[in-house]
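Notes to accompany the following structure.
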Amino acid sequence: MLDSASKLLFHLIARSGTLKKLASRYGLRRPSSFARRFIAGETIEEAIEAAKAVEARGMLISLDLLGESVSSLAAASAATRGYLDVIDAIVESGIERNISLKLTQLGLDVDRACAVDNLRKILESAGPAGFFVRIDMENSPYTEVTLDIFETLWGHGYTQLGVVLQSMLYRSEQDLARINRLGARIRLVKGAYKESRAVAHAKKSDVDAAYARMMKALLTDGTYPAIATHDPEMIALAREWARTHGIAPDRFEFQMLYGVRRDLQSMLTRAGYRVRIYIPFGREWFPYFMRRLGERPANVMFVIRGILRDRG
Ligand SMILES: Cc1cc2nc3c(=O)[nH]c(=O)nc-3n(C[C@H](O)[C@H](O)[C@H](O)COP(=O)(O)OP(=O)(O)OC[C@H]3O[C@@H](n4cnc5c(N)ncnc54)[C@H](O)[C@@H]3O)c2cc1C
């Protein structure tokens with residue numbers, strides 16, 4: 001799954017303007033279009049509808065208005081306004097108040113202070129309404145600055161905020177101890193980005209071994225951790241660790257992506273675990289979609305069949 005050649009290939013393809021145009025035209029056009037497996041739709045209304053369906057299956061949700069790497073202050077402000085509208089719509093809809101966002105979507109590449117300011121605006125609106133806000137983790141050039149911003153805001157009392165750590169990065173085990181000391185909520189993932197050997201494990205078995213170590217540390221010492229994976233082995237290990245260490249199922253949650261391993265999502269829910277589904281939506285879905293393809297090249301055939309069918 002973490003085959004680095006396929007990840008690299010999909011990261012390169014993700015930059016192709018032509019493909020992006022083609023995919024954007026066909027990807028979500030119809031209810032059966034290929035990108036709908038992973039993306040709930042382009043509008044907040046579609047995302048809320050998807051969230052209600054997930055909640056009806058007994059699961060928790062987090063909504064993510066897709067977008068990243070914005071290159072102007074105007075685009076960062078627009079994304080911030082987009083999130084403020086999402087917050088209002090969620091409150092009105094009555095679904096669970098939980099969102100995920102990316103700092104480069106709020107302008108981190110343009111101006112750090114502006115990104116922090118934008119995040120603060122979102123938190124000022126989300127906090128009083130009882131939202132939990134998760135800062136997604138992007139590729140390794142952003143790890144330190146993301147944790148730094150997170151810690152600063154946490155120190156200013158924004159404790160309805162959580163962060164993500166990627167087991168593929170060598171540094172993450174130390175970061176885990178650093179964030180655990182704050183008592184903050186961590187989402188543990190393997191890592192979706194192509195990284196160099198200088199900063200990340202190259203072999204899947206090493207990424208998995210680090211994931212297992214971090215998961216145990218989190219379940220034992222963390223604050224309501226999120227075990228975010230579709231890997232049945234990691235899930236079995238988490239269940240076993242929790243059971244043998246007397247950690248009740250309401251002290252942590254599993255998280256999975258919309259459209260991935262729905263069988264596992266249901267199985268865990270039926271077994272009495274908390275399962276949160278990350279529901280991405282919005283017009284800027286192409287890079288997210290390409291990361292999902294890079295994780296599982298078999299998905300490509302599914303997409304090609306979808307394009308041929310939709311064009312025909
Ligand atoms: C809720 C959530 C939030 C995330 N947030 C972040 C984040 O902030 N930053 C970040 O870098 N990464 C994030 N990720 C992605 C994560 O880093 C991995 O890239 C992704 O979850 C695949 O790894 P895996 O743990 O499922 O294990 P893998 O070993 O990659 O996969 C295990 C099994 O899961 C299934 N599977 C995995 N991916 C797919 C797919 N795309 N399509 C179909 N089946 C699949 C397959 O059955 C596979 O055998 C997030 C993942 C989740 C679940």
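In the structure tokens, chains take letters A, B, ... by order of appearance, with residues numbered from 1 within each chain and ligands from 1 in the order shown.
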Could you give me, as a PyMOL selection string, every polymer residue with an atom at most 7 Å away from an atom of ligand 1, counting only C-alpha atoms and all ligand atoms? chain A and resi 1-2+136-139+164+166+189-193+228-232+255-257+260-261+277-278+292-293+295-296+299
Who sits within 10 Å of Leu66 of chain A, only C-alpha atoms, same chain under 6 positions skipped, as a ChimeraX atom specification: /A:39,42,79,100-102,105,279-288
Please, which residues of segment 77-295 of chain A, numbered as in this document, come out strand (DSSP E or B) from DSSP, as a ChimeraX atom specification? /A:98-101,132-135,161-166,169,185-189,200,226-228,253-257,275-281
Quick one: residues within 9 Å of Gly127 of chain A, only C-alpha atoms counted, chain neighbours fewer than 6 positions away excluded, as a list in words?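 What passes the distance filter is Val133, Tyr158, Thr159 and Gln160 of chain A.
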All residues 10 Å or closer to segment 145-152 of chain A, only C-alpha atoms, same chain fewer than 5 positions away omitted, as a compact mmCIF listing (two decimals) with C-alpha atoms, in the first residue's frame:
# COMPACT_ATOMS: atom_id res chain seq x y z
CA LYS A 102 -5.41 21.99 6.57
CA LEU A 103 -3.13 24.91 7.40
CA THR A 104 -1.96 25.41 3.81
CA LEU A 108 0.41 28.84 5.56
CA ARG A 112 2.18 32.13 8.64
CA ALA A 113 0.64 34.90 10.75
CA ALA A 115 -2.87 31.37 8.50
CA VAL A 116 -2.87 31.49 12.30
CA LEU A 119 -7.50 29.48 12.09
CA ARG A 134 -8.73 18.69 13.84
CA ILE A 135 -5.72 20.09 12.02
CA ASP A 136 -4.80 17.51 9.35
CA MET A 137 -1.08 16.83 8.92
CA GLU A 138 0.43 17.65 5.53
CA SER A 140 7.00 16.84 6.22
CA GLY A 157 -6.82 28.07 25.58
CA TYR A 158 -8.08 26.62 22.29
CA THR A 159 -8.31 23.12 23.67
CA LEU A 161 -8.29 21.46 18.88
CA GLY A 162 -6.52 18.24 17.87
CA VAL A 163 -3.61 17.27 15.68
CA VAL A 164 -2.41 14.36 13.51
CA LEU A 165 0.84 12.36 13.66
CA ASP A 175 6.21 14.25 18.75
CA ARG A 178 5.44 16.07 23.17
CA ILE A 179 1.70 16.26 22.36
CA LEU A 182 -0.19 18.66 26.71
CA ALA A 184 -4.22 16.97 23.55
